[in-house]
Structures are given as structure tokens and as C-alpha cells.
file run_34.cif (mmCIF, C-alpha atoms)
data_protein
#
loop_
_atom_site.label_atom_id
_atom_site.label_comp_id
_atom_site.auth_asym_id
_atom_site.auth_seq_id
_atom_site.Cartn_x
_atom_site.Cartn_y
_atom_site.Cartn_z
CA MET A 641 -60.01 -49.37 -85.08
CA ALA A 642 -62.71 -51.78 -86.09
CA ASP A 643 -66.19 -51.27 -84.71
CA VAL A 644 -65.99 -53.98 -82.05
CA GLU A 645 -68.56 -54.27 -79.27
CA GLY A 646 -67.08 -52.80 -76.10
CA VAL A 647 -64.38 -50.81 -77.91
CA PRO A 648 -65.11 -47.26 -79.09
CA LYS A 649 -64.74 -46.25 -82.71
CA HIS A 650 -62.54 -43.27 -81.83
CA VAL A 651 -59.49 -44.70 -80.11
CA GLY A 652 -58.22 -41.38 -78.82
CA GLU A 653 -61.30 -40.77 -76.70
CA THR A 654 -60.39 -43.36 -74.06
CA SER A 655 -58.94 -42.53 -70.68
CA SER A 656 -56.32 -45.25 -70.88
CA SER A 657 -53.46 -46.32 -68.70
CA THR A 658 -50.81 -45.04 -71.03
CA SER A 659 -52.39 -41.74 -71.96
CA ALA A 660 -53.00 -40.93 -68.33
CA SER A 661 -49.53 -42.04 -67.33
CA THR A 662 -47.50 -40.34 -70.01
CA SER A 663 -49.43 -37.10 -69.95
CA ALA A 664 -49.12 -36.93 -66.19
CA ILE A 665 -45.31 -36.94 -66.13
CA PRO A 666 -44.31 -33.52 -64.78
CA LYS A 667 -42.55 -31.05 -67.04
CA SER A 668 -39.58 -31.06 -64.69
CA ALA A 669 -39.00 -34.70 -65.66
CA LYS A 670 -38.97 -33.97 -69.38
CA GLY A 671 -36.06 -35.68 -71.08
CA CYS A 672 -35.44 -38.21 -68.31
CA GLY A 673 -36.93 -41.09 -70.31
CA LEU A 674 -40.35 -42.62 -69.73
CA TRP A 675 -39.21 -45.72 -67.85
CA TRP A 676 -36.75 -43.85 -65.66
CA CYS A 677 -39.49 -41.37 -64.75
CA PHE A 678 -41.65 -44.29 -63.68
CA LYS A 679 -38.84 -45.99 -61.79
CA SER A 680 -37.50 -42.94 -59.98
CA ALA A 681 -40.78 -42.47 -58.11
CA PHE A 682 -41.50 -46.14 -57.37
CA ASP A 683 -39.71 -46.74 -54.08
CA LYS A 684 -40.96 -43.59 -52.37
CA SER A 685 -44.54 -44.07 -53.51
CA LEU A 686 -44.59 -47.77 -52.58
CA ARG A 687 -43.42 -47.01 -49.06
CA ARG A 688 -46.12 -44.38 -48.71
CA SER A 689 -48.70 -46.73 -50.21
CA ARG A 690 -48.07 -49.37 -47.56
CA ARG A 691 -48.57 -46.77 -44.85
CA GLU A 692 -51.80 -45.60 -46.51
CA ASN A 693 -53.22 -49.11 -46.94
CA SER A 694 -54.05 -49.35 -43.25
CA SER A 695 -55.22 -45.77 -42.86
CA GLY A 696 -58.72 -46.31 -44.24
CA ARG A 697 -58.57 -43.02 -46.17
CA LEU A 698 -58.23 -41.93 -49.76
CA ASP A 699 -56.96 -38.42 -49.09
CA GLN A 700 -53.48 -39.07 -50.41
CA PRO A 701 -51.61 -36.00 -51.74
CA VAL A 702 -53.52 -34.54 -54.67
CA GLY A 703 -52.14 -35.68 -58.01
CA GLN A 704 -50.22 -38.70 -56.69
CA ALA A 705 -51.44 -42.25 -57.31
CA SER A 706 -50.86 -44.44 -54.29
CA GLY A 707 -48.15 -46.93 -55.17
CA SER A 708 -47.80 -46.06 -58.86
CA GLY A 709 -45.37 -43.16 -58.77
CA ILE A 710 -47.33 -41.38 -61.50
CA PRO A 711 -49.22 -38.13 -60.78
CA LEU A 712 -52.97 -38.54 -61.27
CA GLN A 713 -56.04 -36.46 -60.64
CA PRO A 714 -58.35 -37.48 -57.77
CA PRO A 715 -61.06 -39.86 -59.02
CA ARG A 716 -63.93 -38.04 -60.69
CA LEU A 717 -67.52 -38.96 -60.02
CA LEU A 718 -68.10 -41.67 -62.60
CA GLY A 719 -70.69 -40.96 -65.30
CA ASP A 720 -73.28 -43.42 -66.60
CA THR A 721 -71.23 -44.30 -69.68
CA GLU A 722 -67.85 -42.84 -68.78
CA TRP A 723 -64.76 -44.92 -69.46
CA LEU A 724 -62.66 -45.73 -66.43
CA GLY A 725 -59.26 -44.09 -66.19
CA ASP A 726 -56.21 -44.90 -64.11
CA GLU A 727 -57.54 -42.78 -61.26
CA HIS A 728 -60.74 -44.81 -60.90
CA ILE A 729 -58.90 -48.14 -60.80
CA THR A 730 -56.28 -46.77 -58.41
CA ALA A 731 -58.95 -45.43 -56.04
CA ASP A 732 -60.98 -48.64 -55.94
CA TYR A 733 -57.89 -50.82 -55.55
CA THR A 734 -56.83 -48.62 -52.63
CA LEU A 735 -60.24 -49.15 -51.01
CA LEU A 736 -60.03 -52.89 -51.59
CA GLU A 737 -56.58 -53.04 -50.00
CA GLN A 738 -57.91 -51.31 -46.93
CA GLU A 739 -60.96 -53.58 -46.71
CA LEU A 740 -58.86 -56.73 -47.09
CA GLN A 741 -56.34 -55.54 -44.51
CA SER A 742 -59.19 -55.12 -42.05
CA ASP A 743 -61.07 -58.33 -42.87
CA ASN A 744 -58.24 -60.76 -43.66
CA PRO A 745 -54.76 -59.46 -42.76
CA ASP A 746 -53.08 -62.74 -43.71
CA LEU A 747 -54.43 -62.72 -47.27
CA ALA A 748 -53.75 -58.98 -47.51
CA ALA A 749 -50.09 -59.56 -46.66
CA ARG A 750 -49.83 -62.07 -49.52
CA THR A 751 -51.74 -60.07 -52.13
CA ARG A 752 -50.76 -57.07 -54.26
CA PHE A 753 -53.12 -54.87 -56.27
CA LEU A 754 -50.97 -53.21 -58.91
CA ARG A 755 -51.79 -49.74 -60.17
CA PRO A 756 -52.26 -49.29 -63.92
CA ALA A 757 -48.92 -47.49 -64.29
CA GLN A 758 -47.11 -50.33 -62.54
CA ALA A 759 -48.67 -52.97 -64.79
CA HIS A 760 -47.88 -50.84 -67.81
CA LEU A 761 -44.24 -50.45 -66.82
CA LEU A 762 -43.82 -54.18 -66.23
CA ARG A 763 -45.31 -55.00 -69.63
CA LEU A 764 -43.58 -52.45 -71.82
CA THR A 765 -40.08 -51.90 -70.49
CA GLU A 766 -37.40 -53.89 -72.32
CA ASP A 767 -34.87 -53.29 -69.54
CA ASP A 768 -34.71 -56.37 -67.31
CA HIS A 769 -33.02 -54.46 -64.49
CA ILE A 770 -35.71 -51.79 -64.37
CA ARG A 771 -38.47 -54.40 -64.54
CA GLN A 772 -36.97 -56.59 -61.82
CA ASP A 773 -36.30 -53.59 -59.61
CA ALA A 774 -39.89 -52.40 -60.03
CA LEU A 775 -41.30 -55.87 -59.41
CA TRP A 776 -39.18 -56.35 -56.29
CA GLY A 777 -40.49 -53.06 -54.90
CA ILE A 778 -44.00 -54.46 -55.31
CA ILE A 779 -43.63 -58.00 -53.98
CA LYS A 780 -41.29 -57.46 -51.02
CA ASP A 781 -42.57 -57.05 -47.48
CA GLU A 782 -41.25 -54.82 -44.70
CA ASN A 783 -38.52 -57.38 -43.97
CA GLU A 784 -37.32 -57.41 -47.59
CA ASN A 785 -38.81 -60.87 -48.23
CA ASP A 786 -40.76 -61.99 -51.31
CA ALA A 787 -44.19 -62.18 -49.68
CA ALA A 788 -46.58 -61.81 -52.62
CA ASN A 789 -48.46 -64.98 -53.55
CA PHE A 790 -51.08 -63.22 -55.65
CA LEU A 791 -50.87 -60.24 -58.02
CA PHE A 792 -53.86 -58.47 -59.55
CA LEU A 793 -52.85 -56.45 -62.61
CA PRO A 794 -55.12 -54.25 -64.76
CA VAL A 795 -54.07 -54.76 -68.39
CA ASN A 796 -54.45 -51.95 -70.92
CA ASP A 797 -53.85 -52.34 -74.64
CA GLY A 798 -52.16 -48.96 -75.05
CA GLY A 799 -48.53 -48.57 -76.06
CA ALA A 800 -45.84 -46.21 -74.82
CA SER A 801 -47.51 -43.35 -76.69
CA GLY A 802 -50.93 -43.90 -75.14
CA GLN A 803 -54.16 -44.40 -77.07
CA GLY A 804 -55.34 -47.51 -75.19
CA THR A 805 -58.91 -48.70 -75.74
CA HIS A 806 -59.58 -51.64 -73.42
CA TRP A 807 -59.04 -52.96 -69.88
CA SER A 808 -58.75 -56.60 -68.80
CA LEU A 809 -57.46 -58.35 -65.67
CA LEU A 810 -54.51 -60.62 -64.95
CA LEU A 811 -54.46 -62.68 -61.73
CA VAL A 812 -51.00 -64.12 -61.12
CA ASP A 813 -50.62 -67.07 -58.75
CA ARG A 814 -46.99 -67.10 -57.51
CA ARG A 815 -47.31 -69.69 -54.74
CA ASP A 816 -45.18 -72.17 -56.66
CA PRO A 817 -42.08 -70.31 -57.92
CA GLU A 818 -41.44 -73.11 -60.42
CA ALA A 819 -44.95 -72.97 -61.91
CA VAL A 820 -46.25 -69.39 -61.83
CA VAL A 821 -49.65 -69.13 -63.50
CA ALA A 822 -51.40 -66.03 -64.86
CA TYR A 823 -55.19 -66.18 -65.36
CA HIS A 824 -56.52 -63.68 -67.87
CA TYR A 825 -60.04 -62.26 -67.55
CA ASP A 826 -61.25 -60.35 -70.60
CA SER A 827 -64.83 -59.08 -71.00
CA LEU A 828 -64.34 -58.63 -74.75
CA ARG A 829 -63.69 -62.07 -76.20
CA GLY A 830 -59.93 -62.10 -75.67
CA TYR A 831 -59.32 -58.65 -77.17
CA ASN A 832 -56.35 -58.13 -74.83
CA SER A 833 -54.92 -61.65 -75.17
CA ALA A 834 -51.67 -60.57 -76.82
CA LYS A 835 -51.05 -57.86 -74.20
CA ALA A 836 -51.83 -60.30 -71.38
CA GLU A 837 -49.47 -62.87 -72.85
CA GLN A 838 -46.74 -60.25 -73.08
CA LEU A 839 -47.23 -59.21 -69.45
CA ALA A 840 -47.39 -62.81 -68.21
CA ALA A 841 -44.12 -63.58 -69.98
CA ARG A 842 -42.48 -60.57 -68.32
CA LEU A 843 -43.51 -62.04 -64.97
CA GLY A 844 -42.29 -65.55 -65.79
CA ALA A 845 -45.82 -66.94 -65.76
CA SER A 846 -47.70 -69.26 -68.08
CA LEU A 847 -50.90 -67.68 -69.37
CA GLN A 848 -54.27 -69.37 -68.98
CA PRO A 849 -57.50 -67.83 -70.31
CA ALA A 850 -60.19 -67.70 -67.62
CA GLN A 851 -63.97 -67.75 -67.94
CA MET A 852 -65.59 -64.35 -67.64
CA ALA A 853 -68.95 -62.79 -68.46
CA GLN A 854 -68.89 -60.57 -71.54
CA GLN A 855 -69.72 -56.87 -71.61
CA ARG A 856 -72.72 -55.75 -73.65
CA ASN A 857 -71.79 -52.11 -74.10
CA ARG A 858 -68.85 -49.91 -75.03
CA HIS A 859 -67.94 -48.59 -71.60
CA ASP A 860 -67.85 -51.22 -68.84
CA CYS A 861 -64.56 -53.08 -69.41
CA GLY A 862 -62.94 -51.26 -66.47
CA VAL A 863 -65.93 -51.98 -64.24
CA PHE A 864 -65.60 -55.67 -65.11
CA VAL A 865 -61.92 -55.55 -64.07
CA LEU A 866 -62.75 -54.08 -60.66
CA ASP A 867 -65.72 -56.35 -59.98
CA ALA A 868 -63.75 -59.40 -61.10
CA THR A 869 -60.96 -58.46 -58.70
CA ARG A 870 -63.37 -58.02 -55.79
CA THR A 871 -65.20 -61.28 -56.54
CA LEU A 872 -61.98 -63.28 -56.72
CA VAL A 873 -60.67 -61.75 -53.49
CA VAL A 874 -63.90 -62.63 -51.64
CA ARG A 875 -63.69 -66.22 -52.88
CA MET A 876 -60.00 -66.49 -52.00
CA ALA A 877 -60.74 -65.26 -48.49
CA GLN A 878 -63.41 -67.95 -48.09
CA THR A 879 -61.32 -70.92 -49.22
CA GLN A 880 -57.71 -72.00 -48.99
CA ARG A 881 -57.59 -73.42 -52.50
CA ILE A 882 -57.76 -72.02 -56.02
CA ASP A 883 -59.76 -74.29 -58.30
CA ASP A 884 -61.88 -74.07 -61.44
CA GLU A 885 -64.98 -73.15 -59.47
CA LEU A 886 -63.28 -70.24 -57.74
CA LEU A 887 -61.77 -68.95 -60.98
CA ASP A 888 -64.98 -69.12 -63.04
CA LEU A 889 -66.53 -65.65 -63.49
CA ASP A 890 -69.04 -66.55 -66.20
CA ASN A 891 -71.87 -65.12 -64.10
CA LEU A 892 -70.13 -61.89 -63.11
CA VAL A 893 -72.32 -58.79 -63.28
CA ALA A 894 -70.63 -55.41 -63.68
CA GLY A 895 -71.91 -53.07 -60.98
CA ARG A 896 -71.27 -49.57 -62.23
CA GLN A 897 -73.61 -47.98 -59.70
CA ALA A 898 -71.92 -49.80 -56.82
CA LEU A 899 -68.55 -48.51 -58.05
CA ARG A 900 -69.93 -44.99 -58.33
CA ASP A 901 -71.21 -45.24 -54.76
CA ARG A 902 -67.81 -46.44 -53.47
CA LEU A 903 -65.91 -43.70 -55.23
CA SER A 904 -68.32 -40.92 -54.22
CA ALA A 905 -68.35 -42.07 -50.59
CA HIS A 906 -64.58 -41.77 -50.42
CA ALA A 907 -64.04 -38.79 -52.71
CA PRO A 908 -61.60 -36.17 -51.37
CA LEU A 909 -63.31 -33.28 -49.62
#
call {"tool": "encode", "arguments": {"input": "run_34.cif", "output": "C-alpha cells"}}
result
Amino acid sequence: MADVEGVPKHVGETSSSTSASTSAIPKSAKGCGLWWCFKSAFDKSLRRSRRENSSGRLDQPVGQASGSGIPLQPPRLLGDTEWLGDEHITADYTLLEQELQSDNPDLAARTRFLRPAQAHLLRLTEDDHIRQDALWGIIKDENENDAANFLFLPVNDGGASGQGTHWSLLLVDRRDPEAVVAYHYDSLRGYNSAKAEQLAARLGASLQPAQMAQQRNRHDCGVFVLDATRTLVVRMAQTQRIDDELLDLDNLVAGRQALRDRLSAHAPL
């Protein structure tokens, strides 16, 4: 790996979506196939996730990511330069879901915050049936209707064998089924562009690069993803339209300490 600002020299040191996901598959599932292991836990975990979204708590069963179907450790207290793993993104997305449900139930009903394992499955699986089944489990409401206008997806550059190095964000606007648009926010000069394009294509969306502030260190790409998500949600809640001004995150500031405070305040006892 080239020495690129924001990406570590030693690829294997990252706590990436794929490495966390594949290493977390239980031994009892060995031999079932990676995608089937993902899929087999989706429906149950999604149903539980919807119940948890309104509970205001993060004390889900230890080792189970809400909505992802992949066992994860509870979120660790985040260090000053620690890379974000699946568990950090899952925990903060769970908090954001709960906050949005309380503050703006209508927008919450039309918005989905995908867990890293879900985004990874949708990007990498070649099986259309598995992908469509997984996507339907995400976008449907309690009445089995397609209710998701907006999808927030954390994008990781890892492959099926793990070893990812970078996070970015995809915001998918599905309000017009004939013109689905995916806006890609990358704090490292488009490093994840190819992965974002692959994921957008899987979702039937046209990809559009979006303006985003750039990271100045090797460890805050995941923080940028979470803060970008929160900023966009706040703006969407304040206006009924999505325009260039709303989408522009050129002045975004990554708040690692604020994230650490959120995670520590809701850490399992």
C-alpha cells in the first residue's frame, strides 16, 4: 500500500468492515459460505433492530450487531488515534436512529442507517437473489412496503478476505425509483471511488461525487463518515428538499471527542 495521507502503511492493522465481519462468523457456521452466513441472520436481526431503535438503549445482546446479523464486540472506548471498527459505526448509527425516531419520526420511518456488514454484503455478493433479499429486509416497513427514501451506507475498501484500509459514506436518494442517486462522501480524495461506484451499481443508483472536507491524519476517516451522516440528517430534518447547499460538506469538522463522549455515555455496563 502506498504511503497515502489518511491510509496506514500497514494494511493489516486496520479494524475494517470485512476483517471484523469475517472473523466474527461463529465456528458453528464454518463451511456454510460467507454470504449465506450473512443472509441467514439478516431477518431475525433486522426485526430485533427495529424493536431496539425505539428503546433508547444500546444494551443489545453482547456480540450481536443490531441489524447486521454479524457478531461484534461491544464498542470499545475510542482512543485518540484509534481506527474505527464496525462496532463503533454500528453503535453510533444505533444512537442516531434512536435520536431521529424521537425528534422526527416521519424522517426516521423513511431513512435507513446500514451497518457495515450490510453494506459489505450488498457490494460484494454476486448473487442477485441474496442481494435483493437482503435489501428488501432493509427497506421494507412493518407492513411489507418499500418505505426507505434514504439509505446511509458506510463504504469500506476491504474485500471478502478482509484487510480494508478506509471508510467513506454513500447517501442514496431513492425518492424517484426511476432516478436513484448515490452521493459519495470521501475524506481522502476519492480513495474509495471504485468501491462506491460498485455499491451504487448494485443498488441501481447513479453515482455522484459530493463535496467533503478532507482528513489531515491517518485515523479519522470513520469519524468523518459518522459526522457526515449526522450533519446530513440534521439538514434533511430542517428542510424538505435536497439541494447542492444541503449536500455540501466542505466545512465538515470531524469531532472525535464528541464521538468518544457519545460512545462512552452509552457503553454497556
call {"tool": "resolve_selection", "arguments": {"input": "run_34.cif", "expression": "the PyMOL selection byres ((chain A and resi 828) around 12)", "output": "PyMOL selection string"}}
result
chain A and resi 644-647+805-809+824-827+829-833+851-862+864-865
call {"tool": "closest_atom_pairs", "arguments": {"input": "run_34.cif", "of": "stretch 795-829 of chain A", "to": "stretch 764-776 of chain A", "cutoff": "10 Å", "atoms": "all atoms listed in the file", "output": "Markdown table"}}
result
| residue | atom | partner | partner_atom | distance |
| --- | --- | --- | --- | --- |
| A:Gly798 | CA | A:Leu764 | CA | 9.8 |
| A:Gly799 | CA | A:Leu764 | CA | 7.6 |
| A:Ala800 | CA | A:Leu764 | CA | 7.3 |
call {"tool": "write_last_selection", "arguments": {"input": "run_34.cif", "atoms": "C-alpha atoms", "output": "compact mmCIF listing (two decimals), in the frame of the given file"}}
result
# COMPACT_ATOMS: atom_id res chain seq x y z
CA GLY A 798 -52.16 -48.96 -75.05
CA GLY A 799 -48.53 -48.57 -76.06
CA ALA A 800 -45.84 -46.21 -74.82
call {"tool": "atom_distance", "arguments": {"input": "run_34.cif", "atom1": "atom CA of A:Ala731", "atom2": "atom CA of A:Gln897"}}
result
15.3 Å
call {"tool": "residues_around", "arguments": {"input": "run_34.cif", "residues": "A:Leu736", "least_positions_apart": "2", "cutoff": "10 Å", "atoms": "all atoms listed in the file", "output": "ChimeraX atom specification"}}
result
/A:693,696,730-734,738-742,748,753,866,869-870,873
call {"tool": "atom_distance", "arguments": {"input": "run_34.cif", "atom1": "atom CA of A:Phe790", "atom2": "atom CA of A:Arg815"}}
result
7.5 Å
call {"tool": "atom_distance", "arguments": {"input": "run_34.cif", "atom1": "atom CA of A:Thr721", "atom2": "atom CA of A:Ala905"}}
result
19.4 Å
call {"tool": "axis_aligned_box", "arguments": {"input": "run_34.cif", "around": "stretch 841-857 of chain A", "padding_each_side": "6 Å", "output": "AutoDock Vina command-line options"}}
result
--center_x -57.5 --center_y -60.7 --center_z -69.5 --size_x 42.4 --size_y 29.3 --size_z 21.1
call {"tool": "residues_around", "arguments": {"input": "run_34.cif", "residues": "A:Leu843", "least_positions_apart": "6", "cutoff": "12 Å", "atoms": "all atoms listed in the file", "output": "PDB file with C-alpha atoms, in the coordinates of the input"}}
result
ATOM      1  CA  ALA A 759     -48.670 -52.970 -64.790  1.00  0.00           C
ATOM      2  CA  LEU A 761     -44.240 -50.450 -66.820  1.00  0.00           C
ATOM      3  CA  LEU A 762     -43.820 -54.180 -66.230  1.00  0.00           C
ATOM      4  CA  ARG A 763     -45.310 -55.000 -69.630  1.00  0.00           C
ATOM      5  CA  LEU A 764     -43.580 -52.450 -71.820  1.00  0.00           C
ATOM      6  CA  ASP A 768     -34.710 -56.370 -67.310  1.00  0.00           C
ATOM      7  CA  ARG A 771     -38.470 -54.400 -64.540  1.00  0.00           C
ATOM      8  CA  GLN A 772     -36.970 -56.590 -61.820  1.00  0.00           C
ATOM      9  CA  ALA A 774     -39.890 -52.400 -60.030  1.00  0.00           C
ATOM     10  CA  LEU A 775     -41.300 -55.870 -59.410  1.00  0.00           C
ATOM     11  CA  TRP A 776     -39.180 -56.350 -56.290  1.00  0.00           C
ATOM     12  CA  ILE A 779     -43.630 -58.000 -53.980  1.00  0.00           C
ATOM     13  CA  LEU A 791     -50.870 -60.240 -58.020  1.00  0.00           C
ATOM     14  CA  LEU A 793     -52.850 -56.450 -62.610  1.00  0.00           C
ATOM     15  CA  LEU A 810     -54.510 -60.620 -64.950  1.00  0.00           C
ATOM     16  CA  LEU A 811     -54.460 -62.680 -61.730  1.00  0.00           C
ATOM     17  CA  VAL A 812     -51.000 -64.120 -61.120  1.00  0.00           C
ATOM     18  CA  ASP A 813     -50.620 -67.070 -58.750  1.00  0.00           C
ATOM     19  CA  ARG A 814     -46.990 -67.100 -57.510  1.00  0.00           C
ATOM     20  CA  PRO A 817     -42.080 -70.310 -57.920  1.00  0.00           C
ATOM     21  CA  ALA A 819     -44.950 -72.970 -61.910  1.00  0.00           C
ATOM     22  CA  VAL A 820     -46.250 -69.390 -61.830  1.00  0.00           C
ATOM     23  CA  VAL A 821     -49.650 -69.130 -63.500  1.00  0.00           C
ATOM     24  CA  ALA A 822     -51.400 -66.030 -64.860  1.00  0.00           C
ATOM     25  CA  ALA A 836     -51.830 -60.300 -71.380  1.00  0.00           C
ATOM     26  CA  GLU A 837     -49.470 -62.870 -72.850  1.00  0.00           C
TER      27      GLU A 837
END
call {"tool": "residues_around", "arguments": {"input": "run_34.cif", "residues": "A:Arg896", "least_positions_apart": "4", "cutoff": "8 Å", "atoms": "only C-alpha atoms", "output": "PyMOL selection string"}}
result
chain A and resi 720+860+863+900
